[in-house]
$ cat start-v8.pdb   # PDB, N, CA and C atoms, pLDDT in the B column
ATOM      1  N   MET A 101      92.479  81.264 115.447  1.00 46.00           N
ATOM      2  CA  MET A 101      92.978  82.565 115.838  1.00 46.00           C
ATOM      3  C   MET A 101      92.262  83.637 115.018  1.00 46.00           C
ATOM      4  N   ARG A 102      91.887  84.699 115.654  1.00 52.00           N
ATOM      5  CA  ARG A 102      91.201  85.805 114.993  1.00 52.00           C
ATOM      6  C   ARG A 102      92.213  86.667 114.243  1.00 52.00           C
ATOM      7  N   PHE A 103      91.879  87.073 113.004  1.00 56.00           N
ATOM      8  CA  PHE A 103      92.755  87.919 112.203  1.00 56.00           C
ATOM      9  C   PHE A 103      92.316  89.374 112.314  1.00 56.00           C
ATOM     10  N   TYR A 104      93.267  90.249 112.565  1.00 64.00           N
ATOM     11  CA  TYR A 104      93.011  91.686 112.587  1.00 64.00           C
ATOM     12  C   TYR A 104      93.746  92.332 111.423  1.00 64.00           C
ATOM     13  N   PRO A 105      93.202  93.389 110.845  1.00 82.00           N
ATOM     14  CA  PRO A 105      93.889  94.075 109.754  1.00 82.00           C
ATOM     15  C   PRO A 105      95.176  94.724 110.243  1.00 82.00           C
ATOM     16  N   GLU A 106      96.107  94.904 109.302  1.00 93.00           N
ATOM     17  CA  GLU A 106      97.401  95.443 109.674  1.00 93.00           C
ATOM     18  C   GLU A 106      97.322  96.871 110.187  1.00 93.00           C
ATOM     19  N   VAL A 107      98.335  97.219 110.969  1.00 97.00           N
ATOM     20  CA  VAL A 107      98.529  98.580 111.438  1.00 97.00           C
ATOM     21  C   VAL A 107      99.472  99.238 110.436  1.00 97.00           C
ATOM     22  N   HIS A 108      99.145 100.439 109.995  1.00 97.00           N
ATOM     23  CA  HIS A 108      99.920 101.110 108.958  1.00 97.00           C
ATOM     24  C   HIS A 108     100.363 102.476 109.483  1.00 97.00           C
ATOM     25  N   THR A 109     101.683 102.714 109.522  1.00 98.00           N
ATOM     26  CA  THR A 109     102.234 103.998 109.949  1.00 98.00           C
ATOM     27  C   THR A 109     102.493 104.843 108.712  1.00 98.00           C
ATOM     28  N   VAL A 110     101.840 106.001 108.633  1.00 98.00           N
ATOM     29  CA  VAL A 110     101.941 106.857 107.451  1.00 98.00           C
ATOM     30  C   VAL A 110     102.301 108.293 107.853  1.00 98.00           C
ATOM     31  N   HIS A 111     102.915 109.018 106.909  1.00 97.00           N
ATOM     32  CA  HIS A 111     103.248 110.423 107.133  1.00 97.00           C
ATOM     33  C   HIS A 111     102.086 111.288 106.681  1.00 97.00           C
ATOM     34  N   ASP A 112     101.650 112.147 107.564  1.00 95.00           N
ATOM     35  CA  ASP A 112     100.544 113.065 107.274  1.00 95.00           C
ATOM     36  C   ASP A 112     101.106 114.315 106.594  1.00 95.00           C
ATOM     37  N   PRO A 113     100.420 114.840 105.576  1.00 92.00           N
ATOM     38  CA  PRO A 113     100.910 116.045 104.896  1.00 92.00           C
ATOM     39  C   PRO A 113     101.146 117.226 105.846  1.00 92.00           C
ATOM     40  N   GLY A 114     100.468 117.232 106.987  1.00 94.00           N
ATOM     41  CA  GLY A 114     100.653 118.294 107.972  1.00 94.00           C
ATOM     42  C   GLY A 114     101.918 118.142 108.795  1.00 94.00           C
ATOM     43  N   GLY A 115     102.639 117.031 108.594  1.00 94.00           N
ATOM     44  CA  GLY A 115     103.912 116.825 109.283  1.00 94.00           C
ATOM     45  C   GLY A 115     103.901 115.752 110.355  1.00 94.00           C
ATOM     46  N   ALA A 116     102.726 115.337 110.805  1.00 97.00           N
ATOM     47  CA  ALA A 116     102.646 114.312 111.850  1.00 97.00           C
ATOM     48  C   ALA A 116     102.785 112.912 111.251  1.00 97.00           C
ATOM     49  N   TRP A 117     102.961 111.926 112.114  1.00 98.00           N
ATOM     50  CA  TRP A 117     102.955 110.513 111.733  1.00 98.00           C
ATOM     51  C   TRP A 117     101.722 109.886 112.351  1.00 98.00           C
ATOM     52  N   VAL A 118     100.983 109.137 111.537  1.00 98.00           N
ATOM     53  CA  VAL A 118      99.687 108.599 111.952  1.00 98.00           C
ATOM     54  C   VAL A 118      99.689 107.082 111.819  1.00 98.00           C
ATOM     55  N   ASN A 119      99.155 106.410 112.822  1.00 98.00           N
ATOM     56  CA  ASN A 119      98.937 104.971 112.752  1.00 98.00           C
ATOM     57  C   ASN A 119      97.480 104.744 112.383  1.00 98.00           C
ATOM     58  N   GLU A 120      97.288 103.923 111.345  1.00 97.00           N
ATOM     59  CA  GLU A 120      95.944 103.674 110.837  1.00 97.00           C
ATOM     60  C   GLU A 120      95.626 102.185 110.814  1.00 97.00           C
ATOM     61  N   ILE A 121      94.347 101.885 110.937  1.00 96.00           N
ATOM     62  CA  ILE A 121      93.813 100.540 110.728  1.00 96.00           C
ATOM     63  C   ILE A 121      92.619 100.721 109.803  1.00 96.00           C
ATOM     64  N   HIS A 122      92.626 100.037 108.675  1.00 93.00           N
ATOM     65  CA  HIS A 122      91.575 100.209 107.651  1.00 93.00           C
ATOM     66  C   HIS A 122      91.469 101.660 107.200  1.00 93.00           C
ATOM     67  N   GLY A 123      92.597 102.382 107.171  1.00 94.00           N
ATOM     68  CA  GLY A 123      92.595 103.769 106.728  1.00 94.00           C
ATOM     69  C   GLY A 123      92.083 104.773 107.745  1.00 94.00           C
ATOM     70  N   LYS A 124      91.705 104.288 108.922  1.00 96.00           N
ATOM     71  CA  LYS A 124      91.195 105.183 109.961  1.00 96.00           C
ATOM     72  C   LYS A 124      92.273 105.402 111.026  1.00 96.00           C
ATOM     73  N   PRO A 125      92.546 106.657 111.378  1.00 97.00           N
ATOM     74  CA  PRO A 125      93.577 106.953 112.384  1.00 97.00           C
ATOM     75  C   PRO A 125      93.239 106.346 113.749  1.00 97.00           C
ATOM     76  N   VAL A 126      94.259 105.722 114.355  1.00 97.00           N
ATOM     77  CA  VAL A 126      94.100 105.196 115.714  1.00 97.00           C
ATOM     78  C   VAL A 126      95.031 105.908 116.682  1.00 97.00           C
ATOM     79  N   SER A 127      96.094 106.546 116.154  1.00 98.00           N
ATOM     80  CA  SER A 127      96.966 107.377 116.981  1.00 98.00           C
ATOM     81  C   SER A 127      97.744 108.330 116.082  1.00 98.00           C
ATOM     82  N   ARG A 128      98.160 109.456 116.658  1.00 98.00           N
ATOM     83  CA  ARG A 128      98.850 110.515 115.917  1.00 98.00           C
ATOM     84  C   ARG A 128     100.062 110.960 116.737  1.00 98.00           C
ATOM     85  N   HIS A 129     101.227 111.164 116.069  1.00 98.00           N
ATOM     86  CA  HIS A 129     102.460 111.451 116.803  1.00 98.00           C
ATOM     87  C   HIS A 129     103.308 112.495 116.078  1.00 98.00           C
ATOM     88  N   LEU A 130     104.136 113.197 116.838  1.00 98.00           N
ATOM     89  CA  LEU A 130     104.993 114.234 116.259  1.00 98.00           C
ATOM     90  C   LEU A 130     106.192 113.656 115.514  1.00 98.00           C
ATOM     91  N   THR A 131     106.668 112.466 115.941  1.00 98.00           N
ATOM     92  CA  THR A 131     107.832 111.865 115.290  1.00 98.00           C
ATOM     93  C   THR A 131     107.525 110.456 114.802  1.00 98.00           C
ATOM     94  N   LYS A 132     108.257 110.044 113.786  1.00 98.00           N
ATOM     95  CA  LYS A 132     108.104 108.696 113.237  1.00 98.00           C
ATOM     96  C   LYS A 132     108.497 107.661 114.283  1.00 98.00           C
ATOM     97  N   GLU A 133     109.560 107.934 115.020  1.00 98.00           N
ATOM     98  CA  GLU A 133     110.047 106.984 116.027  1.00 98.00           C
ATOM     99  C   GLU A 133     108.967 106.658 117.054  1.00 98.00           C
ATOM    100  N   ILE A 134     108.294 107.673 117.545  1.00 98.00           N
ATOM    101  CA  ILE A 134     107.244 107.451 118.547  1.00 98.00           C
ATOM    102  C   ILE A 134     106.051 106.733 117.919  1.00 98.00           C
ATOM    103  N   ALA A 135     105.685 107.109 116.695  1.00 98.00           N
ATOM    104  CA  ALA A 135     104.568 106.458 116.005  1.00 98.00           C
ATOM    105  C   ALA A 135     104.850 104.972 115.786  1.00 98.00           C
ATOM    106  N   VAL A 136     106.076 104.654 115.361  1.00 98.00           N
ATOM    107  CA  VAL A 136     106.445 103.255 115.121  1.00 98.00           C
ATOM    108  C   VAL A 136     106.416 102.466 116.426  1.00 98.00           C
ATOM    109  N   ARG A 137     106.911 103.045 117.485  1.00 98.00           N
ATOM    110  CA  ARG A 137     106.908 102.365 118.793  1.00 98.00           C
ATOM    111  C   ARG A 137     105.471 102.043 119.217  1.00 98.00           C
ATOM    112  N   ARG A 138     104.577 103.007 119.064  1.00 98.00           N
ATOM    113  CA  ARG A 138     103.173 102.781 119.447  1.00 98.00           C
ATOM    114  C   ARG A 138     102.498 101.760 118.530  1.00 98.00           C
ATOM    115  N   ALA A 139     102.763 101.852 117.234  1.00 98.00           N
ATOM    116  CA  ALA A 139     102.175 100.898 116.285  1.00 98.00           C
ATOM    117  C   ALA A 139     102.659  99.480 116.564  1.00 98.00           C
ATOM    118  N   ARG A 140     103.913  99.342 116.971  1.00 97.00           N
ATOM    119  CA  ARG A 140     104.460  98.022 117.316  1.00 97.00           C
ATOM    120  C   ARG A 140     103.677  97.424 118.483  1.00 97.00           C
ATOM    121  N   GLN A 141     103.337  98.255 119.460  1.00 97.00           N
ATOM    122  CA  GLN A 141     102.539  97.791 120.600  1.00 97.00           C
ATOM    123  C   GLN A 141     101.153  97.346 120.144  1.00 97.00           C
ATOM    124  N   ILE A 142     100.533  98.157 119.298  1.00 97.00           N
ATOM    125  CA  ILE A 142      99.186  97.843 118.805  1.00 97.00           C
ATOM    126  C   ILE A 142      99.211  96.547 117.993  1.00 97.00           C
ATOM    127  N   ALA A 143     100.157  96.434 117.067  1.00 96.00           N
ATOM    128  CA  ALA A 143     100.251  95.236 116.219  1.00 96.00           C
ATOM    129  C   ALA A 143     100.555  93.991 117.054  1.00 96.00           C
ATOM    130  N   GLY A 144     101.406  94.125 118.052  1.00 95.00           N
ATOM    131  CA  GLY A 144     101.722  92.991 118.922  1.00 95.00           C
ATOM    132  C   GLY A 144     100.514  92.515 119.701  1.00 95.00           C
ATOM    133  N   LYS A 145      99.761  93.452 120.215  1.00 94.00           N
ATOM    134  CA  LYS A 145      98.560  93.101 120.976  1.00 94.00           C
ATOM    135  C   LYS A 145      97.517  92.441 120.086  1.00 94.00           C
ATOM    136  N   ARG A 146      97.416  92.919 118.835  1.00 93.00           N
ATOM    137  CA  ARG A 146      96.428  92.385 117.898  1.00 93.00           C
ATOM    138  C   ARG A 146      96.950  91.187 117.115  1.00 93.00           C
ATOM    139  N   LYS A 147      98.250  90.878 117.274  1.00 93.00           N
ATOM    140  CA  LYS A 147      98.895  89.763 116.560  1.00 93.00           C
ATOM    141  C   LYS A 147      98.693  89.895 115.054  1.00 93.00           C
ATOM    142  N   THR A 148      99.145  91.018 114.515  1.00 93.00           N
ATOM    143  CA  THR A 148      98.951  91.303 113.105  1.00 93.00           C
ATOM    144  C   THR A 148     100.217  91.898 112.483  1.00 93.00           C
ATOM    145  N   GLU A 149     100.105  92.398 111.271  1.00 94.00           N
ATOM    146  CA  GLU A 149     101.218  92.995 110.538  1.00 94.00           C
ATOM    147  C   GLU A 149     101.328  94.485 110.858  1.00 94.00           C
ATOM    148  N   HIS A 150     102.543  95.018 110.649  1.00 96.00           N
ATOM    149  CA  HIS A 150     102.774  96.459 110.808  1.00 96.00           C
ATOM    150  C   HIS A 150     103.557  96.938 109.596  1.00 96.00           C
ATOM    151  N   ALA A 151     102.957  97.802 108.794  1.00 96.00           N
ATOM    152  CA  ALA A 151     103.608  98.395 107.630  1.00 96.00           C
ATOM    153  C   ALA A 151     104.023  99.819 107.985  1.00 96.00           C
ATOM    154  N   ILE A 152     105.258 100.173 107.637  1.00 97.00           N
ATOM    155  CA  ILE A 152     105.794 101.494 107.963  1.00 97.00           C
ATOM    156  C   ILE A 152     106.187 102.194 106.671  1.00 97.00           C
ATOM    157  N   ASP A 153     105.520 103.304 106.402  1.00 97.00           N
ATOM    158  CA  ASP A 153     105.817 104.081 105.193  1.00 97.00           C
ATOM    159  C   ASP A 153     107.039 104.979 105.389  1.00 97.00           C
ATOM    160  N   ASN A 154     107.695 105.264 104.267  1.00 96.00           N
ATOM    161  CA  ASN A 154     108.685 106.329 104.232  1.00 96.00           C
ATOM    162  C   ASN A 154     107.930 107.632 104.060  1.00 96.00           C
ATOM    163  N   ARG A 155     108.634 108.734 104.118  1.00 94.00           N
ATOM    164  CA  ARG A 155     108.008 110.048 103.956  1.00 94.00           C
ATOM    165  C   ARG A 155     107.321 110.195 102.594  1.00 94.00           C
ATOM    166  N   ASN A 156     107.836 109.493 101.580  1.00 93.00           N
ATOM    167  CA  ASN A 156     107.275 109.607 100.224  1.00 93.00           C
ATOM    168  C   ASN A 156     106.044 108.721 100.010  1.00 93.00           C
ATOM    169  N   GLY A 157     105.612 107.986 101.021  1.00 93.00           N
ATOM    170  CA  GLY A 157     104.407 107.183 100.924  1.00 93.00           C
ATOM    171  C   GLY A 157     104.624 105.732 100.538  1.00 93.00           C
ATOM    172  N   GLU A 158     105.867 105.356 100.211  1.00 95.00           N
ATOM    173  CA  GLU A 158     106.167 103.949  99.891  1.00 95.00           C
ATOM    174  C   GLU A 158     106.422 103.176 101.179  1.00 95.00           C
ATOM    175  N   ILE A 159     106.022 101.899 101.177  1.00 94.00           N
ATOM    176  CA  ILE A 159     106.284 101.068 102.352  1.00 94.00           C
ATOM    177  C   ILE A 159     107.781 100.810 102.432  1.00 94.00           C
ATOM    178  N   GLY A 160     108.372 101.233 103.537  1.00 95.00           N
ATOM    179  CA  GLY A 160     109.804 101.069 103.732  1.00 95.00           C
ATOM    180  C   GLY A 160     110.141  99.808 104.504  1.00 95.00           C
ATOM    181  N   ARG A 161     109.216  99.366 105.342  1.00 95.00           N
ATOM    182  CA  ARG A 161     109.471  98.195 106.178  1.00 95.00           C
ATOM    183  C   ARG A 161     108.136  97.580 106.572  1.00 95.00           C
ATOM    184  N   LYS A 162     108.152  96.280 106.784  1.00 94.00           N
ATOM    185  CA  LYS A 162     106.944  95.576 107.210  1.00 94.00           C
ATOM    186  C   LYS A 162     107.361  94.512 108.224  1.00 94.00           C
ATOM    187  N   ASN A 163     106.635  94.437 109.316  1.00 93.00           N
ATOM    188  CA  ASN A 163     106.930  93.469 110.371  1.00 93.00           C
ATOM    189  C   ASN A 163     105.683  92.671 110.703  1.00 93.00           C
ATOM    190  N   SER A 164     105.899  91.443 111.156  1.00 92.00           N
ATOM    191  CA  SER A 164     104.802  90.573 111.543  1.00 92.00           C
ATOM    192  C   SER A 164     104.861  90.313 113.043  1.00 92.00           C
ATOM    193  N   TYR A 165     103.715  90.399 113.685  1.00 89.00           N
ATOM    194  CA  TYR A 165     103.618  90.142 115.119  1.00 89.00           C
ATOM    195  C   TYR A 165     102.580  89.064 115.386  1.00 89.00           C
ATOM    196  N   GLY A 166     102.794  87.887 114.809  1.00 81.00           N
ATOM    197  CA  GLY A 166     101.925  86.764 115.110  1.00 81.00           C
ATOM    198  C   GLY A 166     101.089  86.250 113.967  1.00 81.00           C
ATOM    199  N   ASN A 167     101.114  86.889 112.821  1.00 59.00           N
ATOM    200  CA  ASN A 167     100.319  86.412 111.696  1.00 59.00           C
ATOM    201  C   ASN A 167     101.221  86.087 110.510  1.00 59.00           C
ATOM    202  N   ASP A 168     102.412  85.612 110.791  1.00 61.00           N
ATOM    203  CA  ASP A 168     103.385  85.295 109.749  1.00 61.00           C
ATOM    204  C   ASP A 168     103.028  83.951 109.117  1.00 61.00           C
ATOM    205  N   PRO A 169     102.789  83.926 107.805  1.00 61.00           N
ATOM    206  CA  PRO A 169     102.391  82.687 107.149  1.00 61.00           C
ATOM    207  C   PRO A 169     103.513  81.641 107.087  1.00 61.00           C
ATOM    208  N   ARG A 170     104.767  82.057 107.231  1.00 61.00           N
ATOM    209  CA  ARG A 170     105.886  81.118 107.166  1.00 61.00           C
ATOM    210  C   ARG A 170     106.219  80.634 108.577  1.00 61.00           C
ATOM    211  N   PRO A 171     106.260  79.331 108.808  1.00 57.00           N
ATOM    212  CA  PRO A 171     106.584  78.819 110.139  1.00 57.00           C
ATOM    213  C   PRO A 171     107.988  79.218 110.572  1.00 57.00           C
ATOM    214  N   THR A 172     108.151  79.513 111.855  1.00 52.00           N
ATOM    215  CA  THR A 172     109.446  79.853 112.405  1.00 52.00           C
ATOM    216  C   THR A 172     110.416  78.692 112.221  1.00 52.00           C
ATOM    217  N   GLY A 173     111.643  79.009 111.847  1.00 49.00           N
ATOM    218  CA  GLY A 173     112.665  77.980 111.697  1.00 49.00           C
ATOM    219  C   GLY A 173     112.771  77.427 110.290  1.00 49.00           C
ATOM    220  N   LEU A 174     111.852  77.735 109.422  1.00 44.00           N
ATOM    221  CA  LEU A 174     111.860  77.202 108.076  1.00 44.00           C
ATOM    222  C   LEU A 174     113.102  77.624 107.298  1.00 44.00           C
ATOM    223  N   ALA A 175     113.488  78.882 107.401  1.00 45.00           N
ATOM    224  CA  ALA A 175     114.658  79.382 106.665  1.00 45.00           C
ATOM    225  C   ALA A 175     115.922  78.672 107.131  1.00 45.00           C
ATOM    226  N   SER A 176     116.071  78.475 108.426  1.00 41.00           N
ATOM    227  CA  SER A 176     117.292  77.826 108.930  1.00 41.00           C
ATOM    228  C   SER A 176     117.343  76.358 108.532  1.00 41.00           C
ATOM    229  N   GLU A 177     116.195  75.694 108.439  1.00 43.00           N
ATOM    230  CA  GLU A 177     116.170  74.294 108.023  1.00 43.00           C
ATOM    231  C   GLU A 177     116.556  74.141 106.564  1.00 43.00           C
ATOM    232  N   ASN A 178     116.185  75.107 105.725  1.00 43.00           N
ATOM    233  CA  ASN A 178     116.523  75.034 104.311  1.00 43.00           C
ATOM    234  C   ASN A 178     117.988  75.299 104.038  1.00 43.00           C
ATOM    235  N   ASN A 179     118.688  75.911 104.992  1.00 43.00           N
ATOM    236  CA  ASN A 179     120.101  76.236 104.804  1.00 43.00           C
ATOM    237  C   ASN A 179     121.028  75.142 105.295  1.00 43.00           C
ATOM    238  N   ARG A 180     120.520  74.020 105.736  1.00 41.00           N
ATOM    239  CA  ARG A 180     121.373  72.925 106.247  1.00 41.00           C
ATOM    240  C   ARG A 180     121.949  72.119 105.136  1.00 41.00           C
TER     241      ARG A 180
END
$ encode --input "start-v8.pdb" --output "structure tokens"
Amino acid sequence: MRFYPEVHTVHDPGGAWVNEIHGKPVSRHLTKEIAVRRARQIAGKRKTEHAIDNRNGEIGRKNSYGNDPRPTGLASENNR
């Protein structure tokens, strides 16, 4: 499987929300909600990670869309 770099949703000092790959903008949006929705589509198509920053620049959430190193079901098996 081919690995793609993560999609990163960041707040622009000008007020917009920007989705970046390798630090380069791939889409720009007026609201965080719309930016996250679009980044989720991009990350899903590329089967990669999606990091979502808070307004202060810290990563607030991270999601995986196909490149998760932990096999599905592992957590539930350990809880038996």
$ closest_residue --input "start-v8.pdb" --among "A:His150, A:Lys145, A:Ile134, A:Pro105" --to "Trp117 (chain A)" --atoms "all atoms listed in the file"
A:Ile134
$ resolve_selection --input "start-v8.pdb" --expression "the PyMOL selection byres ((chain A and resi 128) around 7)" --output "list in words"
Ala116, Trp117, Val118, Asn119, Pro125, Val126, Ser127, His129, Leu130, Thr131 and Ala135 of chain A
$ closest_residue --input "start-v8.pdb" --among "A:Glu133, A:Gln141, A:His111, A:Ile121" --to "Asn156 (chain A)" --atoms "only N, CA and C atoms"
A:His111
$ closest_residue --input "start-v8.pdb" --among "A:Arg161, A:Lys147, A:His108, A:Arg137" --to "His122 (chain A)" --atoms "all atoms listed in the file"
A:His108
$ atom_distance --input "start-v8.pdb" --atom1 "atom N of Asn163 (chain A)" --atom2 "atom C of Arg138 (chain A)"
12.5 Å
$ atom_distance --input "start-v8.pdb" --atom1 "CA of Asp112 (chain A)" --atom2 "CA of Arg140 (chain A)"
18.5 Å
$ select_by_dssp --input "start-v8.pdb" --residues "region 108-158 of chain A" --states "strand (DSSP E)" --output "ChimeraX atom specification"
/A:108-111,117-121,124-129,149-153
$ atom_distance --input "start-v8.pdb" --atom1 "atom N of Gly157 (chain A)" --atom2 "CA of Gly144 (chain A)"
23.7 Å
$ closest_residue --input "start-v8.pdb" --among "A:Val136, A:Ala143, A:Glu158, A:Thr109" --to "Lys124 (chain A)" --atoms "only C-alpha atoms"
A:Thr109
$ closest_residue --input "start-v8.pdb" --among "A:Tyr165, A:Ala139, A:Val110, A:Lys132" --to "Asp153 (chain A)" --atoms "all atoms listed in the file"
A:Val110
$ axis_aligned_box --input "start-v8.pdb" --around "region 139-156 of chain A" --padding-each-side "5 Å" --output "JSON"
{"center_x": 102.6, "center_y": 100.0, "center_z": 110.5, "size_x": 22.3, "size_y": 30.4, "size_z": 31.0}
$ select_by_dssp --input "start-v8.pdb" --residues "region 103-179 of chain A" --states "helix (DSSP H, G or I)" --output "list in words"
Lys132, Glu133, Ile134, Ala135, Val136, Arg137, Arg138, Ala139, Arg140, Gln141, Ile142, Ala143, Gly144, Lys145, Arg146, Leu174, Ala175, Ser176, Glu177 and Asn178 of chain A
